[in-house]
>>> print(open('work.cif').read())   # mmCIF, C-alpha atoms; chains and numbers go by the auth columns
data_work
#
loop_
_atom_site.group_PDB
_atom_site.id
_atom_site.type_symbol
_atom_site.label_atom_id
_atom_site.label_comp_id
_atom_site.label_asym_id
_atom_site.label_seq_id
_atom_site.Cartn_x
_atom_site.Cartn_y
_atom_site.Cartn_z
_atom_site.B_iso_or_equiv
_atom_site.auth_seq_id
_atom_site.auth_asym_id
ATOM 1 C CA MET A 1 -20.664 12.610 20.628 0.00 10 T
ATOM 2 C CA ALA A 2 -22.642 9.419 21.064 0.00 11 T
ATOM 3 C CA THR A 3 -21.382 6.142 19.657 0.00 12 T
ATOM 4 C CA VAL A 4 -24.069 4.502 17.576 0.00 13 T
ATOM 5 C CA SER A 5 -24.222 0.874 16.496 0.00 14 T
ATOM 6 C CA ILE A 6 -26.651 -0.337 13.855 0.00 15 T
ATOM 7 C CA LEU A 7 -27.210 -4.064 13.661 0.00 16 T
ATOM 8 C CA PRO A 8 -29.253 -6.101 11.211 0.00 17 T
ATOM 9 C CA ILE A 9 -31.872 -8.292 12.826 0.00 18 T
ATOM 10 C CA SER A 10 -34.007 -11.009 11.304 0.00 19 T
ATOM 11 C CA ASP A 11 -37.110 -12.711 12.533 0.00 20 T
ATOM 12 C CA PRO A 12 -37.581 -16.482 12.079 0.00 21 T
ATOM 13 C CA LYS A 13 -39.267 -15.814 8.723 0.00 22 T
ATOM 14 C CA GLY A 14 -36.034 -14.208 7.518 0.00 23 T
ATOM 15 C CA GLU A 15 -37.469 -10.691 7.334 0.00 24 T
ATOM 16 C CA LYS A 16 -34.671 -8.222 7.980 0.00 25 T
ATOM 17 C CA SER A 17 -34.838 -4.959 9.872 0.00 26 T
ATOM 18 C CA TYR A 18 -32.274 -2.861 11.731 0.00 27 T
ATOM 19 C CA ARG A 19 -31.684 -1.927 15.359 0.00 28 T
ATOM 20 C CA ALA A 20 -29.767 1.231 16.284 0.00 29 T
ATOM 21 C CA LEU A 21 -28.181 1.477 19.746 0.00 30 T
ATOM 22 C CA ALA A 22 -26.542 4.336 21.643 0.00 31 T
ATOM 23 C CA GLY A 23 -26.059 3.947 25.372 0.00 32 T
ATOM 24 C CA ASP A 24 -29.435 3.107 26.901 0.00 33 T
ATOM 25 C CA LYS A 25 -31.371 4.304 23.854 0.00 34 T
ATOM 26 C CA HIS A 26 -32.446 2.081 20.969 0.00 35 T
ATOM 27 C CA SER A 27 -34.710 2.105 17.946 0.00 36 T
ATOM 28 C CA GLU A 28 -35.670 -0.147 15.069 0.00 37 T
ATOM 29 C CA GLY A 29 -36.491 0.481 11.444 0.00 38 T
ATOM 30 C CA LYS A 30 -37.005 -1.315 8.152 0.00 39 T
ATOM 31 C CA THR A 31 -33.749 0.240 6.954 0.00 40 T
ATOM 32 C CA ALA A 32 -30.547 1.241 8.719 0.00 41 T
ATOM 33 C CA GLY A 33 -31.397 4.863 7.927 0.00 42 T
ATOM 34 C CA GLN A 34 -34.841 4.620 9.536 0.00 43 T
ATOM 35 C CA ALA A 35 -33.331 3.084 12.673 0.00 44 T
ATOM 36 C CA LEU A 36 -30.671 5.827 12.816 0.00 45 T
ATOM 37 C CA ASP A 37 -33.215 8.618 12.262 0.00 46 T
ATOM 38 C CA ALA A 38 -35.439 7.304 15.050 0.00 47 T
ATOM 39 C CA LEU A 39 -32.451 7.009 17.390 0.00 48 T
ATOM 40 C CA THR A 40 -31.120 10.503 16.713 0.00 49 T
ATOM 41 C CA ALA A 41 -34.577 11.883 17.535 0.00 50 T
ATOM 42 C CA GLN A 42 -34.330 10.162 20.935 0.00 51 T
ATOM 43 C CA LEU A 43 -30.840 11.479 21.610 0.00 52 T
ATOM 44 C CA GLY A 44 -32.180 15.017 21.665 0.00 53 T
ATOM 45 C CA GLU A 45 -28.978 16.523 20.310 0.00 54 T
ATOM 46 C CA ILE A 46 -29.392 19.815 18.466 0.00 55 T
ATOM 47 C CA GLU A 47 -26.756 18.914 15.919 0.00 56 T
ATOM 48 C CA PHE A 48 -25.822 15.337 15.149 0.00 57 T
ATOM 49 C CA SER A 49 -22.669 14.621 13.205 0.00 58 T
ATOM 50 C CA ALA A 50 -21.377 11.203 12.341 0.00 59 T
ATOM 51 C CA ILE A 51 -19.164 9.163 10.115 0.00 60 T
ATOM 52 C CA VAL A 52 -21.179 6.312 8.697 0.00 61 T
ATOM 53 C CA LEU A 53 -19.662 3.053 7.506 0.00 62 T
ATOM 54 C CA ILE A 54 -22.016 0.622 5.850 0.00 63 T
ATOM 55 C CA GLN A 55 -21.142 -3.028 6.037 0.00 64 T
ATOM 56 C CA SER A 56 -22.681 -5.717 3.866 0.00 65 T
ATOM 57 C CA PHE A 57 -23.650 -7.661 7.009 0.00 66 T
ATOM 58 C CA GLN A 58 -22.569 -10.880 5.347 0.00 67 T
ATOM 59 C CA PRO A 59 -20.747 -13.547 7.344 0.00 68 T
ATOM 60 C CA ASP A 60 -16.992 -13.184 7.231 0.00 69 T
ATOM 61 C CA SER A 61 -13.890 -14.489 8.964 0.00 70 T
ATOM 62 C CA LEU A 62 -14.515 -12.122 11.898 0.00 71 T
ATOM 63 C CA PHE A 63 -18.135 -13.114 12.586 0.00 72 T
ATOM 64 C CA GLY A 64 -19.335 -16.255 10.847 0.00 73 T
ATOM 65 C CA ALA A 65 -22.663 -17.494 9.505 0.00 74 T
ATOM 66 C CA GLU A 66 -23.490 -19.636 12.548 0.00 75 T
ATOM 67 C CA GLN A 67 -22.794 -16.720 14.883 0.00 76 T
ATOM 68 C CA LYS A 68 -24.994 -14.409 12.790 0.00 77 T
ATOM 69 C CA LYS A 69 -27.796 -16.970 12.719 0.00 78 T
ATOM 70 C CA ARG A 70 -27.660 -17.540 16.474 0.00 79 T
ATOM 71 C CA LEU A 71 -27.501 -13.796 17.183 0.00 80 T
ATOM 72 C CA SER A 72 -30.649 -13.293 15.078 0.00 81 T
ATOM 73 C CA GLU A 73 -32.432 -16.120 16.898 0.00 82 T
ATOM 74 C CA LEU A 74 -31.547 -14.760 20.316 0.00 83 T
ATOM 75 C CA MET A 75 -32.468 -11.186 19.380 0.00 84 T
ATOM 76 C CA TYR A 76 -35.853 -12.439 18.192 0.00 85 T
ATOM 77 C CA LEU A 77 -36.361 -14.298 21.491 0.00 86 T
ATOM 78 C CA TRP A 78 -35.193 -11.266 23.446 0.00 87 T
ATOM 79 C CA ARG A 79 -37.775 -9.035 21.734 0.00 88 T
ATOM 80 C CA LEU A 80 -40.540 -11.617 22.321 0.00 89 T
ATOM 81 C CA THR A 81 -39.754 -11.939 26.006 0.00 90 T
ATOM 82 C CA ARG A 82 -39.361 -8.167 26.410 0.00 91 T
ATOM 83 C CA ASP A 83 -42.763 -7.585 24.810 0.00 92 T
ATOM 84 C CA GLN A 84 -44.264 -10.046 27.298 0.00 93 T
ATOM 85 C CA ASP A 85 -42.567 -8.313 30.264 0.00 94 T
ATOM 86 C CA GLN A 86 -40.319 -11.324 30.742 0.00 95 T
ATOM 87 C CA GLU A 87 -36.599 -11.977 30.470 0.00 96 T
ATOM 88 C CA LEU A 88 -34.420 -14.500 28.698 0.00 97 T
ATOM 89 C CA SER A 89 -32.980 -17.315 30.759 0.00 98 T
ATOM 90 C CA ILE A 90 -29.617 -16.513 32.322 0.00 99 T
ATOM 91 C CA ASN A 91 -27.847 -18.801 29.835 0.00 100 T
ATOM 92 C CA GLN A 92 -29.608 -17.248 26.847 0.00 101 T
ATOM 93 C CA GLN A 93 -28.846 -13.713 28.062 0.00 102 T
ATOM 94 C CA GLN A 94 -25.182 -14.595 28.612 0.00 103 T
ATOM 95 C CA GLU A 95 -24.949 -16.130 25.132 0.00 104 T
ATOM 96 C CA LEU A 96 -26.638 -13.068 23.611 0.00 105 T
ATOM 97 C CA ASP A 97 -24.276 -10.718 25.468 0.00 106 T
ATOM 98 C CA GLN A 98 -21.265 -12.719 24.266 0.00 107 T
ATOM 99 C CA LEU A 99 -22.447 -12.663 20.647 0.00 108 T
ATOM 100 C CA VAL A 100 -23.159 -8.918 20.755 0.00 109 T
ATOM 101 C CA GLU A 101 -19.670 -8.348 22.172 0.00 110 T
ATOM 102 C CA ALA A 102 -18.136 -10.605 19.502 0.00 111 T
ATOM 103 C CA GLU A 103 -19.977 -8.719 16.735 0.00 112 T
ATOM 104 C CA LEU A 104 -18.827 -5.409 18.205 0.00 113 T
ATOM 105 C CA ARG A 105 -15.214 -6.630 18.243 0.00 114 T
ATOM 106 C CA ALA A 106 -15.614 -7.835 14.643 0.00 115 T
ATOM 107 C CA ALA A 107 -17.073 -4.474 13.573 0.00 116 T
ATOM 108 C CA THR A 108 -14.200 -2.669 15.283 0.00 117 T
ATOM 109 C CA ALA A 109 -11.680 -4.898 13.513 0.00 118 T
ATOM 110 C CA ARG A 110 -13.400 -4.326 10.144 0.00 119 T
ATOM 111 C CA THR A 111 -13.294 -0.583 10.714 0.00 120 T
ATOM 112 C CA SER A 112 -9.621 -0.749 11.608 0.00 121 T
ATOM 113 C CA ILE A 113 -8.895 -2.703 8.419 0.00 122 T
ATOM 114 C CA LEU A 114 -10.854 -0.151 6.352 0.00 123 T
ATOM 115 C CA MET A 115 -9.000 2.765 7.936 0.00 124 T
ATOM 116 C CA GLN A 116 -5.637 1.166 7.127 0.00 125 T
ATOM 117 C CA SER A 117 -6.460 0.701 3.451 0.00 126 T
#
>>> encode(input="work.cif", output="structure tokens")
Amino acid sequence: MATVSILPISDPKGEKSYRALAGDKHSEGKTAGQALDALTAQLGEIEFSAIVLIQSFQPDSLFGAEQKKRLSELMYLWRLTRDQDQELSINQQQELDQLVEAELRAATARTSILMQS
């Protein structure tokens, strides 16, 4: 079974959408459900089963407001550069990778807390 992550993304205007990731596959949608549907179509699995946890995506003690803001900024830049067949600077890519990893750790911790309660 594939592990799927769905992350909220915002452009500089504050418009929110969602990005679903599983391995080397990814999709985007106006809602988390649209992003997930588009991703599952790419996975090509005959039967897809999942447990879905929906987070409020608000800053918390595990991943704060400044981190969320910077992650959104870097994701926006990443998409712009990708669409222009370019890459982020090494420093920007490293910062983005670190923030994605930090958000993943925070999501894992939130899930663990939910499972314990």
>>> resolve_selection(input="work.cif", expression="the PyMOL selection byres ((chain T and resi 42-47) around 12)", output="ChimeraX atom specification")
/T:12-18,26-31,34-41,48-53,57-59,61-63
>>> closest_residue(input="work.cif", among="T:Leu97, T:Leu83, T:Gln67, T:Lys77", to="Ala111 of chain T", atoms="all atoms listed in the file")
T:Lys77
>>> atom_distance(input="work.cif", atom1="atom CA of Ser81 of chain T", atom2="atom CA of Met124 of chain T")
27.9 Å
>>> axis_aligned_box(input="work.cif", around="segment 21-32 of chain T", padding_each_side="5 Å", output="AutoDock Vina command-line options")
--center_x -32.7 --center_y -6.1 --center_z 16.4 --size_x 23.2 --size_y 30.8 --size_z 28.0
>>> atom_distance(input="work.cif", atom1="atom CA of Gly73 of chain T", atom2="atom CA of Arg91 of chain T")
26.6 Å
>>> build_atoms(input="work.cif", residues="segment 15-27 of chain T", atoms="N, CA, C and O atoms", output="PDB file, in the coordinates of the input")
ATOM      1  N   ILE T  15     -25.457   0.086  14.577  1.00  0.00           N
ATOM      2  CA  ILE T  15     -26.651  -0.337  13.855  1.00  0.00           C
ATOM      3  C   ILE T  15     -26.437  -1.784  13.444  1.00  0.00           C
ATOM      4  O   ILE T  15     -25.477  -2.104  12.754  1.00  0.00           O
ATOM      5  N   LEU T  16     -27.333  -2.634  13.906  1.00  0.00           N
ATOM      6  CA  LEU T  16     -27.210  -4.064  13.661  1.00  0.00           C
ATOM      7  C   LEU T  16     -28.389  -4.580  12.862  1.00  0.00           C
ATOM      8  O   LEU T  16     -29.530  -4.188  13.109  1.00  0.00           O
ATOM      9  N   PRO T  17     -28.141  -5.469  11.916  1.00  0.00           N
ATOM     10  CA  PRO T  17     -29.253  -6.101  11.211  1.00  0.00           C
ATOM     11  C   PRO T  17     -29.880  -7.153  12.116  1.00  0.00           C
ATOM     12  O   PRO T  17     -29.177  -7.830  12.877  1.00  0.00           O
ATOM     13  N   ILE T  18     -31.170  -7.260  12.069  1.00  0.00           N
ATOM     14  CA  ILE T  18     -31.872  -8.292  12.826  1.00  0.00           C
ATOM     15  C   ILE T  18     -32.847  -8.978  11.886  1.00  0.00           C
ATOM     16  O   ILE T  18     -33.342  -8.377  10.945  1.00  0.00           O
ATOM     17  N   SER T  19     -33.078 -10.251  12.132  1.00  0.00           N
ATOM     18  CA  SER T  19     -34.007 -11.009  11.304  1.00  0.00           C
ATOM     19  C   SER T  19     -34.946 -11.780  12.207  1.00  0.00           C
ATOM     20  O   SER T  19     -34.529 -12.292  13.249  1.00  0.00           O
ATOM     21  N   ASP T  20     -36.183 -11.868  11.797  1.00  0.00           N
ATOM     22  CA  ASP T  20     -37.110 -12.711  12.533  1.00  0.00           C
ATOM     23  C   ASP T  20     -37.018 -14.126  11.959  1.00  0.00           C
ATOM     24  O   ASP T  20     -36.324 -14.352  10.967  1.00  0.00           O
ATOM     25  N   PRO T  21     -37.671 -15.098  12.574  1.00  0.00           N
ATOM     26  CA  PRO T  21     -37.581 -16.482  12.079  1.00  0.00           C
ATOM     27  C   PRO T  21     -38.022 -16.660  10.632  1.00  0.00           C
ATOM     28  O   PRO T  21     -37.625 -17.596   9.966  1.00  0.00           O
ATOM     29  N   LYS T  22     -38.837 -15.734  10.122  1.00  0.00           N
ATOM     30  CA  LYS T  22     -39.267 -15.814   8.723  1.00  0.00           C
ATOM     31  C   LYS T  22     -38.193 -15.291   7.782  1.00  0.00           C
ATOM     32  O   LYS T  22     -38.351 -15.344   6.573  1.00  0.00           O
ATOM     33  N   GLY T  23     -37.109 -14.738   8.340  1.00  0.00           N
ATOM     34  CA  GLY T  23     -36.034 -14.208   7.518  1.00  0.00           C
ATOM     35  C   GLY T  23     -36.210 -12.757   7.118  1.00  0.00           C
ATOM     36  O   GLY T  23     -35.419 -12.226   6.355  1.00  0.00           O
ATOM     37  N   GLU T  24     -37.247 -12.097   7.645  1.00  0.00           N
ATOM     38  CA  GLU T  24     -37.469 -10.691   7.334  1.00  0.00           C
ATOM     39  C   GLU T  24     -36.461  -9.851   8.105  1.00  0.00           C
ATOM     40  O   GLU T  24     -36.337  -9.975   9.319  1.00  0.00           O
ATOM     41  N   LYS T  25     -35.738  -9.001   7.375  1.00  0.00           N
ATOM     42  CA  LYS T  25     -34.671  -8.222   7.980  1.00  0.00           C
ATOM     43  C   LYS T  25     -35.135  -6.826   8.333  1.00  0.00           C
ATOM     44  O   LYS T  25     -35.905  -6.210   7.601  1.00  0.00           O
ATOM     45  N   SER T  26     -34.669  -6.349   9.475  1.00  0.00           N
ATOM     46  CA  SER T  26     -34.838  -4.959   9.872  1.00  0.00           C
ATOM     47  C   SER T  26     -33.546  -4.557  10.574  1.00  0.00           C
ATOM     48  O   SER T  26     -32.587  -5.336  10.598  1.00  0.00           O
ATOM     49  N   TYR T  27     -33.507  -3.359  11.124  1.00  0.00           N
ATOM     50  CA  TYR T  27     -32.274  -2.861  11.731  1.00  0.00           C
ATOM     51  C   TYR T  27     -32.556  -2.282  13.104  1.00  0.00           C
ATOM     52  O   TYR T  27     -33.623  -1.705  13.334  1.00  0.00           O
TER      53      TYR T  27
END
